[in-house]
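J.: This is protein-v4.csv, which holds CSV, C-alpha atoms:
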chain,number,residue,atom,x,y,z
A,1398,MET,CA,26.0,15.6,-36.2
A,1399,SER,CA,26.8,14.0,-39.5
A,1400,ASP,CA,25.9,10.5,-40.6
A,1401,VAL,CA,29.6,9.7,-40.8
A,1402,VAL,CA,30.0,10.4,-37.0
A,1403,PHE,CA,26.9,8.4,-36.3
A,1404,GLY,CA,28.5,5.6,-38.3
A,1405,ARG,CA,31.7,5.9,-36.2
A,1406,LEU,CA,29.6,5.3,-33.0
A,1407,ARG,CA,28.0,2.3,-34.6
A,1408,ALA,CA,31.4,0.9,-35.5
A,1409,LEU,CA,32.3,1.0,-31.8
A,1410,LEU,CA,29.0,-0.3,-30.4
A,1411,GLY,CA,27.2,-2.1,-33.2
A,1412,THR,CA,23.9,-1.2,-34.7
A,1413,ALA,CA,22.0,-2.0,-31.5
A,1414,GLY,CA,24.3,0.2,-29.4
A,1415,VAL,CA,23.3,3.5,-31.0
A,1416,GLU,CA,20.0,5.2,-31.6
A,1417,ARG,CA,18.6,8.7,-32.1
A,1418,ASP,CA,16.7,10.3,-29.4
A,1419,PRO,CA,13.4,12.2,-30.1
A,1420,SER,CA,15.4,15.3,-31.1
A,1421,GLY,CA,17.6,13.4,-33.5
A,1422,ARG,CA,20.7,13.4,-31.3
A,1423,PRO,CA,22.7,10.2,-31.1
A,1424,ARG,CA,22.3,8.2,-28.0
A,1425,ALA,CA,24.9,5.6,-27.2
A,1426,THR,CA,24.1,2.6,-25.0
A,1427,PRO,CA,27.4,0.7,-24.3
A,1428,GLU,CA,27.1,-2.7,-22.8
A,1429,SER,CA,30.5,-2.8,-21.0
A,1430,PRO,CA,32.9,-0.5,-19.2
A,1431,ASP,CA,35.3,-0.9,-22.1
A,1432,ALA,CA,32.7,0.2,-24.6
A,1433,LEU,CA,31.8,3.1,-22.4
A,1434,SER,CA,35.4,4.3,-22.2
A,1435,LEU,CA,35.7,4.1,-26.0
A,1436,VAL,CA,32.6,6.3,-26.4
A,1437,CYS,CA,34.0,8.8,-24.0
A,1438,ARG,CA,37.4,8.8,-25.8
A,1439,LEU,CA,35.7,9.5,-29.1
A,1440,ALA,CA,33.6,12.3,-27.7
A,1441,HIS,CA,36.7,13.8,-26.1
A,1442,ASP,CA,38.7,13.6,-29.4
A,1443,GLU,CA,35.8,15.2,-31.3
A,1444,GLY,CA,35.0,17.8,-28.7
A,1445,TRP,CA,31.5,16.7,-28.1
A,1446,LYS,CA,29.5,17.4,-25.0
A,1447,ILE,CA,28.1,14.3,-23.3
A,1448,ARG,CA,24.9,14.0,-21.4
A,1449,VAL,CA,24.6,11.0,-19.2
A,1450,GLU,CA,21.3,9.3,-18.9
A,1451,GLY,CA,20.3,6.4,-16.6
A,1452,ASN,CA,16.7,5.2,-16.6
A,1453,GLY,CA,15.4,8.8,-16.8
A,1454,THR,CA,13.4,8.6,-13.5
A,1455,TRP,CA,15.4,11.0,-11.4
A,1456,LEU,CA,17.5,13.8,-13.0
A,1457,PRO,CA,15.8,15.0,-16.2
A,1458,PRO,CA,17.8,14.0,-19.3
A,1459,ASP,CA,17.8,17.6,-20.5
A,1460,ALA,CA,21.4,18.9,-20.2
A,1461,PRO,CA,22.7,20.4,-23.4
A,1462,ALA,CA,25.0,18.0,-25.3
A,1463,GLU,CA,25.9,16.6,-28.8
A,1464,LEU,CA,25.8,13.1,-27.5
A,1465,ALA,CA,23.6,11.3,-25.0
A,1466,VAL,CA,25.2,8.3,-23.2
A,1467,SER,CA,22.8,5.9,-21.6
A,1468,THR,CA,23.7,3.3,-19.0
A,1469,ARG,CA,20.5,1.3,-19.6
A,1470,ALA,CA,22.5,-1.6,-21.2
A,1471,LEU,CA,24.8,-1.8,-18.3
A,1472,ASP,CA,22.2,-3.6,-16.3
A,1473,ARG,CA,23.7,-6.8,-15.0
A,1474,VAL,CA,24.4,-8.1,-11.5
A,1475,LEU,CA,27.8,-9.4,-12.1
A,1476,SER,CA,28.4,-11.3,-8.8
A,1477,VAL,CA,26.9,-11.8,-5.4
A,1478,SER,CA,28.9,-13.3,-2.6
A,1479,PRO,CA,26.8,-14.1,0.5
A,1480,ALA,CA,29.9,-15.3,2.4
A,1481,ASP,CA,31.6,-12.0,1.9
A,1482,LEU,CA,28.5,-9.8,2.0
A,1483,VAL,CA,29.5,-8.1,-1.3
A,1484,ALA,CA,28.2,-7.7,-4.8
A,1485,THR,CA,29.4,-6.2,-8.0
A,1486,VAL,CA,26.7,-4.6,-10.0
A,1487,GLN,CA,26.6,-2.5,-13.3
A,1488,ALA,CA,25.4,1.1,-13.0
A,1489,GLY,CA,22.3,0.8,-15.1
A,1490,THR,CA,20.7,-2.0,-13.0
A,1491,PRO,CA,17.3,-1.0,-11.7
A,1492,LEU,CA,17.1,-1.0,-7.9
A,1493,GLU,CA,14.1,-3.2,-7.8
A,1494,ALA,CA,15.7,-5.8,-10.0
A,1495,LEU,CA,18.8,-5.7,-7.7
A,1496,ARG,CA,16.7,-6.1,-4.6
A,1497,ARG,CA,14.9,-9.2,-6.0
A,1498,ARG,CA,18.2,-10.8,-7.0
A,1499,LEU,CA,19.8,-10.1,-3.6
A,1500,ALA,CA,16.7,-11.4,-1.7
A,1501,ASP,CA,17.0,-14.7,-3.6
A,1502,GLU,CA,20.5,-15.0,-2.0
A,1503,GLY,CA,19.2,-13.9,1.4
A,1504,MET,CA,21.0,-10.6,1.1
A,1505,TRP,CA,20.0,-7.0,1.4
A,1506,LEU,CA,21.3,-3.6,0.3
A,1507,ALA,CA,20.2,-1.2,3.0
A,1508,LEU,CA,19.5,1.7,0.7
A,1509,ASP,CA,16.0,3.2,0.2
A,1510,PRO,CA,16.6,6.3,-2.0
A,1511,PRO,CA,13.9,8.7,-3.1
A,1512,GLY,CA,12.3,8.0,-6.5
A,1513,ARG,CA,10.9,5.1,-8.4
A,1514,PRO,CA,11.8,1.4,-7.9
A,1515,GLU,CA,13.2,1.3,-11.4
A,1516,ARG,CA,15.7,4.0,-10.7
A,1517,SER,CA,19.2,2.9,-11.6
A,1518,LEU,CA,22.0,2.1,-9.1
A,1519,GLY,CA,24.3,4.5,-10.9
A,1520,SER,CA,21.9,7.4,-10.4
A,1521,VAL,CA,21.7,6.7,-6.6
A,1522,VAL,CA,25.5,6.5,-6.3
A,1523,ALA,CA,26.3,9.5,-8.5
A,1524,THR,CA,23.8,11.7,-6.7
A,1525,GLY,CA,24.4,10.3,-3.2
A,1526,THR,CA,20.6,10.3,-2.5
A,1527,SER,CA,20.0,8.1,0.6
A,1528,GLY,CA,16.6,7.7,2.1
A,1529,PRO,CA,15.3,7.1,5.7
A,1530,LEU,CA,17.5,4.0,6.2
A,1531,ARG,CA,20.5,6.4,6.4
A,1532,HIS,CA,19.6,6.7,10.1
A,1533,GLY,CA,20.6,3.1,10.9
A,1534,PHE,CA,22.9,2.2,8.1
A,1535,GLY,CA,24.6,5.4,7.0
A,1536,PRO,CA,24.7,7.4,3.7
A,1537,VAL,CA,25.3,6.0,0.3
A,1538,ARG,CA,29.1,6.2,0.5
A,1539,ASP,CA,29.0,3.7,3.4
A,1540,HIS,CA,27.6,1.0,1.1
A,1541,VAL,CA,30.1,1.5,-1.8
A,1542,LEU,CA,33.4,-0.4,-1.5
A,1543,GLY,CA,34.7,0.5,-4.9
A,1544,CYS,CA,33.7,1.4,-8.5
A,1545,THR,CA,34.7,1.5,-12.1
A,1546,VAL,CA,34.4,4.8,-13.8
A,1547,ALA,CA,35.0,6.1,-17.4
A,1548,THR,CA,36.6,9.5,-17.3
A,1549,GLY,CA,35.6,12.3,-19.7
A,1550,ASP,CA,38.6,11.5,-21.9
A,1551,GLY,CA,38.0,7.8,-22.0
A,1552,ARG,CA,40.3,6.3,-19.3
A,1553,LEU,CA,38.9,3.5,-17.2
A,1554,VAL,CA,39.5,4.1,-13.5
A,1555,ARG,CA,39.0,1.3,-11.0
A,1556,ALA,CA,38.9,2.6,-7.4
A,1557,GLY,CA,38.4,0.8,-4.1
A,1558,GLY,CA,38.0,-3.0,-3.8
A,1559,ARG,CA,35.5,-5.9,-3.7
A,1560,VAL,CA,35.8,-6.7,0.0
A,1561,VAL,CA,34.9,-4.7,3.1
A,1562,LYS,CA,38.5,-4.7,4.6
A,1563,ASN,CA,40.0,-3.3,1.4
A,1564,VAL,CA,40.5,0.5,1.7
A,1565,ALA,CA,42.7,1.1,-1.3
A,1566,GLY,CA,41.4,3.9,-3.5
A,1567,TYR,CA,39.2,5.1,-0.7
A,1568,ASP,CA,39.3,8.8,-1.7
A,1569,LEU,CA,38.6,8.1,-5.4
A,1570,THR,CA,35.6,6.0,-4.6
A,1571,LYS,CA,34.2,8.6,-2.2
A,1572,LEU,CA,34.8,11.3,-4.9
A,1573,GLN,CA,32.4,9.5,-7.2
A,1574,VAL,CA,29.6,9.0,-4.6
A,1575,GLY,CA,27.6,12.2,-4.8
A,1576,GLY,CA,29.8,13.7,-7.5
A,1577,PHE,CA,26.8,14.0,-9.9
A,1578,GLY,CA,28.9,12.6,-12.7
A,1579,GLY,CA,31.3,15.5,-12.7
A,1580,PHE,CA,34.3,13.3,-12.3
A,1581,GLY,CA,33.3,10.5,-14.7
A,1582,ILE,CA,30.6,8.1,-15.7
A,1583,ILE,CA,30.1,5.2,-13.2
A,1584,ALA,CA,30.0,1.8,-15.0
A,1585,GLU,CA,30.2,-0.7,-12.1
A,1586,VAL,CA,29.9,-0.6,-8.3
A,1587,HIS,CA,31.1,-2.9,-5.6
A,1588,LEU,CA,28.5,-2.9,-2.9
A,1589,ARG,CA,28.5,-3.8,0.8
A,1590,LEU,CA,25.6,-6.0,1.7
A,1591,ARG,CA,23.8,-7.2,4.8
A,1592,ALA,CA,21.8,-10.3,5.6
A,1593,LEU,CA,18.1,-9.9,4.7
A,1594,PRO,CA,16.3,-9.0,8.0
A,1595,ARG,CA,14.0,-11.7,9.3
A,1596,ALA,CA,11.7,-9.0,10.7
A,1597,ASP,CA,10.9,-5.5,9.4
A,1598,VAL,CA,8.3,-3.5,11.3
A,1599,THR,CA,7.2,0.1,11.0
A,1600,VAL,CA,5.3,2.0,13.7
A,1601,ILE,CA,4.0,5.6,13.2
A,1602,ALA,CA,2.9,8.4,15.5
A,1603,ARG,CA,0.9,11.5,14.4
A,1604,GLY,CA,0.8,14.9,15.9
A,1605,SER,CA,2.2,18.4,15.8
A,1606,ARG,CA,5.7,18.9,14.3
A,1607,ASP,CA,7.1,20.2,17.6
A,1608,ALA,CA,5.7,17.3,19.6
A,1609,LEU,CA,7.1,14.7,17.2
A,1610,THR,CA,10.6,16.2,17.0
A,1611,SER,CA,10.6,16.3,20.8
A,1612,ALA,CA,9.5,12.6,20.9
A,1613,ALA,CA,12.3,11.7,18.4
A,1614,ARG,CA,14.9,13.3,20.7
A,1615,ASP,CA,13.6,11.4,23.7
A,1616,LEU,CA,13.6,8.2,21.8
A,1617,LEU,CA,17.2,8.6,20.8
A,1618,ALA,CA,18.2,9.6,24.3
A,1619,GLU,CA,16.8,6.3,25.5
A,1620,GLN,CA,19.1,4.5,23.1
A,1621,LEU,CA,16.4,3.0,21.0
A,1622,LEU,CA,18.1,2.3,17.6
A,1623,PRO,CA,15.6,2.0,14.8
A,1624,ALA,CA,16.8,1.4,11.2
A,1625,ALA,CA,14.9,4.6,10.2
A,1626,LEU,CA,13.4,7.5,12.1
A,1627,GLU,CA,11.7,9.8,9.7
A,1628,LEU,CA,9.6,12.9,10.2
A,1629,LEU,CA,7.1,13.5,7.4
A,1630,SER,CA,5.0,16.5,6.5
A,1631,PRO,CA,1.3,15.9,6.1
A,1632,ALA,CA,1.4,16.2,2.3
A,1633,LEU,CA,4.2,13.6,2.0
A,1634,ALA,CA,2.7,11.1,4.5
A,1635,GLY,CA,-0.8,11.5,3.1
A,1636,GLU,CA,-2.1,12.3,6.6
A,1637,PRO,CA,-3.8,15.4,8.1
A,1638,GLU,CA,-1.0,15.7,10.7
A,1639,TRP,CA,2.8,15.4,10.8
A,1640,THR,CA,3.9,11.8,11.0
A,1641,LEU,CA,7.0,10.3,12.7
A,1642,ALA,CA,7.8,6.8,11.4
A,1643,ALA,CA,10.2,4.4,13.1
A,1644,ARG,CA,11.3,1.3,11.3
A,1645,PHE,CA,12.9,-1.6,13.0
A,1646,ALA,CA,14.7,-4.4,11.1
A,1647,GLY,CA,16.6,-7.4,12.4
A,1648,THR,CA,15.8,-10.6,14.2
A,1649,ASP,CA,12.3,-11.3,15.3
A,1650,ALA,CA,13.1,-11.1,19.0
A,1651,ALA,CA,15.1,-7.9,18.7
A,1652,VAL,CA,12.5,-6.1,16.6
A,1653,GLN,CA,9.6,-7.2,18.8
A,1654,ALA,CA,11.5,-6.1,22.0
A,1655,ASP,CA,12.1,-2.6,20.5
A,1656,VAL,CA,8.5,-2.2,19.4
A,1657,ARG,CA,7.2,-3.2,22.8
A,1658,ARG,CA,9.7,-0.8,24.5
A,1659,LEU,CA,8.6,2.0,22.2
A,1660,GLY,CA,4.9,1.4,22.8
A,1661,ALA,CA,5.5,1.4,26.6
A,1662,ARG,CA,6.6,5.1,26.4
A,1663,GLY,CA,3.1,6.4,26.2
A,1664,ASP,CA,2.9,9.8,24.5
A,1665,PRO,CA,2.9,9.9,21.5
A,1666,VAL,CA,0.7,7.0,20.7
A,1667,TRP,CA,2.6,4.6,18.3
A,1668,GLN,CA,0.6,2.5,15.8
A,1669,PRO,CA,2.2,-0.5,14.1
A,1670,LEU,CA,1.6,-0.7,10.4
A,1671,ALA,CA,0.2,-3.9,9.0
A,1672,ALA,CA,2.7,-6.0,7.1
A,1673,ASP,CA,0.9,-5.4,3.8
A,1674,ARG,CA,0.9,-1.6,4.3
A,1675,THR,CA,4.5,-1.2,5.3
A,1676,ALA,CA,6.0,-1.5,1.8
A,1677,ALA,CA,3.3,0.8,0.4
A,1678,PHE,CA,4.0,3.4,3.1
A,1679,TRP,CA,7.7,3.6,2.4
A,1680,SER,CA,7.1,3.6,-1.4
A,1681,LEU,CA,4.8,6.6,-0.9
A,1682,VAL,CA,7.6,8.4,1.0
A,1683,ALA,CA,10.1,7.6,-1.8
A,1684,ARG,CA,7.9,8.7,-4.6
A,1685,GLY,CA,7.0,11.9,-2.8
A,1686,SER,CA,10.2,13.4,-3.9
A,1687,LEU,CA,8.9,13.2,-7.5
A,1688,GLY,CA,5.9,15.4,-6.6
A,1689,GLY,CA,7.6,18.6,-7.7
A,1690,ALA,CA,10.2,19.6,-10.3
A,1691,ILE,CA,12.9,20.4,-7.7
A,1692,THR,CA,14.3,18.5,-4.8
A,1693,LEU,CA,16.8,19.9,-2.3
A,1694,ARG,CA,18.6,18.3,0.7
A,1695,LEU,CA,20.0,20.2,3.6
A,1696,GLY,CA,22.5,18.7,6.0
A,1697,ALA,CA,21.3,20.0,9.4
A,1698,LEU,CA,22.4,18.6,12.7
A,1699,GLY,CA,19.8,16.5,14.5
A,1700,ASP,CA,19.0,19.2,17.1
A,1701,GLY,CA,18.6,21.8,14.3
A,1702,ILE,CA,15.8,20.2,12.5
A,1703,ASP,CA,13.1,22.5,13.7
A,1704,ASP,CA,15.0,25.6,12.9
A,1705,THR,CA,15.9,24.3,9.4
A,1706,ILE,CA,12.3,23.4,8.6
A,1707,ASP,CA,11.3,26.9,9.7
A,1708,LEU,CA,14.0,28.3,7.3
A,1709,LEU,CA,12.5,26.3,4.4
A,1710,ALA,CA,9.0,27.3,5.4
A,1711,HIS,CA,9.9,31.0,5.4
A,1712,ASP,CA,11.3,31.0,1.8
A,1713,LEU,CA,9.5,28.0,0.3
A,1714,ASP,CA,6.9,25.8,2.1
A,1715,GLU,CA,6.4,22.7,4.2
A,1716,GLY,CA,4.7,20.7,1.4
A,1717,LEU,CA,6.6,17.6,0.5
A,1718,LEU,CA,9.2,17.5,3.2
A,1719,SER,CA,11.0,14.7,5.2
A,1720,ALA,CA,13.6,14.9,7.9
A,1721,GLY,CA,15.9,12.3,9.4
A,1722,ALA,CA,15.1,12.9,13.0
A,1723,GLY,CA,18.4,11.3,14.1
A,1724,VAL,CA,20.8,12.2,11.3
A,1725,GLY,CA,19.3,15.6,10.5
A,1726,MET,CA,19.2,15.3,6.8
A,1727,ILE,CA,16.2,17.2,5.4
A,1728,ARG,CA,14.7,16.7,1.9
A,1729,TRP,CA,12.3,19.2,0.3
A,1730,THR,CA,10.4,18.9,-3.0
A,1731,GLY,CA,8.4,21.5,-4.8
A,1732,ASP,CA,8.6,24.3,-7.3
A,1733,ALA,CA,10.3,27.7,-6.8
A,1734,PRO,CA,12.1,30.3,-8.9
A,1735,VAL,CA,15.9,30.3,-8.9
A,1736,GLU,CA,16.2,33.5,-6.8
A,1737,ARG,CA,14.1,32.1,-4.0
A,1738,LEU,CA,16.3,28.9,-4.0
A,1739,ARG,CA,19.4,31.1,-3.9
A,1740,ALA,CA,17.9,32.9,-0.9
A,1741,VAL,CA,17.4,29.6,0.9
A,1742,ARG,CA,21.0,28.5,0.1
A,1743,ARG,CA,22.4,31.8,1.4
A,1744,ALA,CA,20.3,31.6,4.6
A,1745,ALA,CA,21.4,28.0,5.1
A,1746,ALA,CA,25.1,28.9,4.5
A,1747,ALA,CA,24.9,31.6,7.1
A,1748,ARG,CA,24.0,28.8,9.6
A,1749,GLU,CA,26.7,26.5,8.1
A,1750,ILE,CA,24.1,24.2,6.7
A,1751,PRO,CA,25.1,22.7,3.3
A,1752,MET,CA,22.4,22.6,0.6
A,1753,THR,CA,22.5,20.2,-2.3
A,1754,LEU,CA,20.3,20.5,-5.4
A,1755,GLU,CA,19.4,16.9,-5.9
A,1756,ARG,CA,17.2,17.2,-9.0
A,1757,ALA,CA,15.8,20.0,-11.1
A,1758,PRO,CA,15.4,21.0,-14.8
A,1759,TRP,CA,18.6,21.9,-16.5
A,1760,PRO,CA,18.0,25.7,-16.4
A,1761,VAL,CA,17.8,25.5,-12.6
A,1762,ARG,CA,20.8,23.2,-12.3
A,1763,HIS,CA,22.8,25.4,-14.5
A,1764,ALA,CA,21.9,28.6,-12.6
A,1765,LEU,CA,22.1,27.2,-9.1
A,1766,GLY,CA,24.6,24.3,-9.4
A,1767,HIS,CA,24.2,21.1,-7.4
A,1768,PHE,CA,26.6,22.4,-4.7
A,1769,GLY,CA,26.7,26.1,-5.4
A,1770,ALA,CA,29.3,28.2,-3.6
A,1771,TYR,CA,32.1,26.4,-1.7
A,1772,ARG,CA,34.2,27.4,1.2
A,1773,GLU,CA,37.3,29.4,0.3
A,1774,GLY,CA,39.8,27.2,-1.6
A,1775,VAL,CA,37.4,24.2,-2.0
A,1776,GLY,CA,36.1,25.5,-5.4
A,1777,GLN,CA,39.7,25.5,-6.8
A,1778,LEU,CA,40.3,22.0,-5.6
A,1779,VAL,CA,37.1,20.8,-7.2
A,1780,GLY,CA,38.1,22.5,-10.4
A,1781,ARG,CA,41.4,20.8,-10.5
A,1782,LEU,CA,39.8,17.4,-9.9
A,1783,ARG,CA,37.4,18.0,-12.7
A,1784,ASP,CA,40.3,18.9,-15.0
A,1785,SER,CA,42.0,15.7,-14.0
A,1786,PHE,CA,39.0,13.4,-14.7
A,1787,ASP,CA,37.5,15.4,-17.6
A,1788,PRO,CA,40.3,17.5,-19.2
A,1789,GLY,CA,38.2,18.3,-22.2
A,1790,HIS,CA,35.2,19.3,-20.2
A,1791,SER,CA,33.1,16.8,-22.1
A,1792,LEU,CA,30.7,15.9,-19.3
A,1793,SER,CA,27.7,18.3,-19.2
A,1794,VAL,CA,27.3,18.6,-15.4
A,1795,ALA,CA,26.6,21.8,-13.3
A,1796,LEU,CA,28.3,21.3,-10.0
A,1797,GLU,CA,28.7,25.1,-9.5
A,1798,GLY,CA,26.0,27.6,-10.4
A,1799,ALA,CA,26.3,30.3,-13.0
A,1800,GLU,CA,26.0,33.1,-10.4
Translate the structure of the given file into structure tokens.
T.:
Amino acid sequence: MSDVVFGRLRALLGTAGVERDPSGRPRATPESPDALSLVCRLAHDEGWKIRVEGNGTWLPPDAPAELAVSTRALDRVLSVSPADLVATVQAGTPLEALRRRLADEGMWLALDPPGRPERSLGSVVATGTSGPLRHGFGPVRDHVLGCTVATGDGRLVRAGGRVVKNVAGYDLTKLQVGGFGGFGIIAEVHLRLRALPRADVTVIARGSRDALTSAARDLLAEQLLPAALELLSPALAGEPEWTLAARFAGTDAAVQADVRRLGARGDPVWQPLAADRTAAFWSLVARGSLGGAITLRLGALGDGIDDTIDLLAHDLDEGLLSAGAGVGMIRWTGDAPVERLRAVRRAAAAREIPMTLERAPWPVRHALGHFGAYREGVGQLVGRLRDSFDPGHSLSVALEGAE
């Protein structure tokens, strides 16, 4: 790319807003949604491919492109309203920084996605990667009220609203959550918050996988409602056996009542984690999804967890694996050739289990696609939506595989 074009980017963003990455490719770091839209418009007009980069801790920044666009400078918490339980946050804000700011206001974002604490909010929303708290508080889309997105041709689209009761733009907002950037670059997000829990207690049980999945079903049948109920493989939990972790968050009285009720059940034996170990335990679970180059999630129903884990073990392994024992979402991390991953996807599809490629090197993403094959007619709809939001196909994203 010529120095003249590099100069055009600097004219838009200033000297501090453009740099060269290690390969010499320009990297734009816009500081506002308007600046982001101008960069996208320029790329569209020039026919450049754009690779979107957050903080580089989840999806590898390796998609082929003429221009890298980083959201690192979009890192401000724009507003927090404790009275309305909402916040407006820029997409490049690290999750840990957001958690600290919200805690100062007595607020909590009930999301615990896989990855590192410095992972950006935009990465979590774009990939739709929820963690164990999905059991009690729902997937990522349930926490997003609205968003501002720069389309591939430089339009700035504002969808949804800033308050919980506002449902305008519902479909456009949900399109961006888990869209992997295929429908635009997220600049700002309006979030639904909760009051910071006064008590947060985790108890764990160890044993065979079959015994723990059975215990989880019994627990749910008895209407115990933990914030998280996660089954962890030995490698992920750092234990010699499978582990079932139940997390209770809320008032002191309610949490202690639930923990006593759980402990009175007998088998399996539940062990409360010390307060100073709880954060480290869930951090270990979150970082476990970085233990291999590839992470998948499968959307099994709660009563299909055992069969789905068996499916993964047949074609892959049970190494770094977690399963929401109530919601059924299973996450696997490891390394495998593309053909073996395709075999898993086909076997899952035969059971009507969707499989999403959450993270992988670009050659795997390009070959497999984040979503892969769609049901009849859905692929055409997705294609039309991508044409609407990115008519020049500027955004380098592999929603569908090359097969």
J.: So that I can see what lies close to Trp1505 of chain A, please list as a PDB file with C-alpha atoms, in the frame of the given file the residues with an atom at most 12 Å from it, counting all atoms listed in the file and leaving out residues fewer than 6 positions away in the same chain.
T.:
ATOM      1  CA  VAL A1477      26.900 -11.800  -5.400  1.00  0.00           C
ATOM      2  CA  SER A1478      28.900 -13.300  -2.600  1.00  0.00           C
ATOM      3  CA  PRO A1479      26.800 -14.100   0.500  1.00  0.00           C
ATOM      4  CA  LEU A1482      28.500  -9.800   2.000  1.00  0.00           C
ATOM      5  CA  VAL A1483      29.500  -8.100  -1.300  1.00  0.00           C
ATOM      6  CA  ALA A1484      28.200  -7.700  -4.800  1.00  0.00           C
ATOM      7  CA  LEU A1492      17.100  -1.000  -7.900  1.00  0.00           C
ATOM      8  CA  GLU A1493      14.100  -3.200  -7.800  1.00  0.00           C
ATOM      9  CA  LEU A1495      18.800  -5.700  -7.700  1.00  0.00           C
ATOM     10  CA  ARG A1496      16.700  -6.100  -4.600  1.00  0.00           C
ATOM     11  CA  ARG A1497      14.900  -9.200  -6.000  1.00  0.00           C
ATOM     12  CA  ARG A1498      18.200 -10.800  -7.000  1.00  0.00           C
ATOM     13  CA  LEU A1499      19.800 -10.100  -3.600  1.00  0.00           C
ATOM     14  CA  PHE A1534      22.900   2.200   8.100  1.00  0.00           C
ATOM     15  CA  HIS A1540      27.600   1.000   1.100  1.00  0.00           C
ATOM     16  CA  LEU A1588      28.500  -2.900  -2.900  1.00  0.00           C
ATOM     17  CA  ARG A1589      28.500  -3.800   0.800  1.00  0.00           C
ATOM     18  CA  LEU A1590      25.600  -6.000   1.700  1.00  0.00           C
ATOM     19  CA  ARG A1591      23.800  -7.200   4.800  1.00  0.00           C
ATOM     20  CA  ALA A1592      21.800 -10.300   5.600  1.00  0.00           C
ATOM     21  CA  LEU A1593      18.100  -9.900   4.700  1.00  0.00           C
ATOM     22  CA  PRO A1594      16.300  -9.000   8.000  1.00  0.00           C
ATOM     23  CA  ARG A1595      14.000 -11.700   9.300  1.00  0.00           C
ATOM     24  CA  ALA A1646      14.700  -4.400  11.100  1.00  0.00           C
ATOM     25  CA  GLY A1647      16.600  -7.400  12.400  1.00  0.00           C
TER      26      GLY A1647
END
J.: I'd like the contact shell of segment 1625-1634 of chain A - 10 Å cut-off, all atoms listed in the file, skipping same-chain residues fewer than 3 positions apart - returned as a PyMOL selection string.
T.: chain A and resi 1528-1534+1599-1606+1609-1610+1613+1616-1617+1622+1637-1646+1678-1679+1681-1686+1688+1702+1715-1730
J.: Would you pick out the contacts of segment 1427-1437 of chain A at 10 Å or less, using all atoms listed in the file, so that residues sharing its chain but fewer than 2 positions from it are not included, and give the list as number ranges by chain?
T.: A: 1405-1406, 1409-1411, 1413-1415, 1424-1425, 1439-1443, 1445-1447, 1464, 1466-1473, 1487-1489, 1545-1554, 1581-1585, 1787, 1791-1792
J.: Which polymer residues have any atom within 9 Å of an atom of Gly1766 of chain A, counting only C-alpha atoms, with same-chain residues fewer than 6 positions away left out, as an NGL selection string?
T.: :A and (1753-1754 or 1794-1800)
J.: I want to know what sits within 8 Å of Arg1422 of chain A, based on only C-alpha atoms, with residues of the same chain fewer than 3 positions away left out; could you give that as a list of chain:residue names?
T.: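 Surrounding residues, per the criterion: A:Met1398, A:Arg1417, A:Asp1418, A:Pro1419, A:Glu1463, A:Leu1464, A:Ala1465.
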J.: Only C-alpha atoms, please: the residues just picked out, written as a CSV table (one decimal), in the frame of the given file.
T.:
chain,number,residue,atom,x,y,z
A,1398,MET,CA,26.0,15.6,-36.2
A,1417,ARG,CA,18.6,8.7,-32.1
A,1418,ASP,CA,16.7,10.3,-29.4
A,1419,PRO,CA,13.4,12.2,-30.1
A,1463,GLU,CA,25.9,16.6,-28.8
A,1464,LEU,CA,25.8,13.1,-27.5
A,1465,ALA,CA,23.6,11.3,-25.0
J.: Quick one, how far is atom CA of Ala1697 of chain A from atom CA of Ala1744 of chain A?
T.: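 A separation of 12.6 Å between them.
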J.: Could you check the closest approach to Thr1675 of chain A for each of A:Gly1660, A:Asp1597, A:His1587, A:Ala1740 and tell me which residue wins, using all atoms listed in the file?
T.: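 When distances to Thr1675 of chain A are compared using all atoms listed in the file, the smallest one comes from A:Asp1597.
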J.: Since the input is missing atoms for segment 1423-1430 of chain A, could you rebuild it with N, CA and C atoms and give the result as a JSON list (two decimals), keeping the file's coordinate frame?
T.:
[["chain", "number", "residue", "atom", "x", "y", "z"],
["A", 1423, "PRO", "N", 22.30, 11.60, -31.39],
["A", 1423, "PRO", "CA", 22.70, 10.20, -31.10],
["A", 1423, "PRO", "C", 22.71, 9.88, -29.66],
["A", 1424, "ARG", "N", 22.26, 8.67, -29.36],
["A", 1424, "ARG", "CA", 22.30, 8.20, -28.00],
["A", 1424, "ARG", "C", 23.03, 6.83, -28.01],
["A", 1425, "ALA", "N", 24.15, 6.78, -27.30],
["A", 1425, "ALA", "CA", 24.90, 5.60, -27.20],
["A", 1425, "ALA", "C", 24.55, 4.78, -25.98],
["A", 1426, "THR", "N", 24.43, 3.45, -26.15],
["A", 1426, "THR", "CA", 24.10, 2.60, -25.00],
["A", 1426, "THR", "C", 25.12, 1.46, -24.92],
["A", 1427, "PRO", "N", 26.31, 1.76, -24.43],
["A", 1427, "PRO", "CA", 27.40, 0.70, -24.30],
["A", 1427, "PRO", "C", 26.99, -0.36, -23.35],
["A", 1428, "GLU", "N", 27.47, -1.57, -23.64],
["A", 1428, "GLU", "CA", 27.10, -2.70, -22.80],
["A", 1428, "GLU", "C", 28.24, -3.18, -21.90],
["A", 1429, "SER", "N", 29.36, -2.48, -21.91],
["A", 1429, "SER", "CA", 30.50, -2.80, -21.00],
["A", 1429, "SER", "C", 31.26, -1.60, -20.67],
["A", 1430, "PRO", "N", 32.01, -1.65, -19.57],
["A", 1430, "PRO", "CA", 32.90, -0.50, -19.20],
["A", 1430, "PRO", "C", 33.84, -0.14, -20.32]]
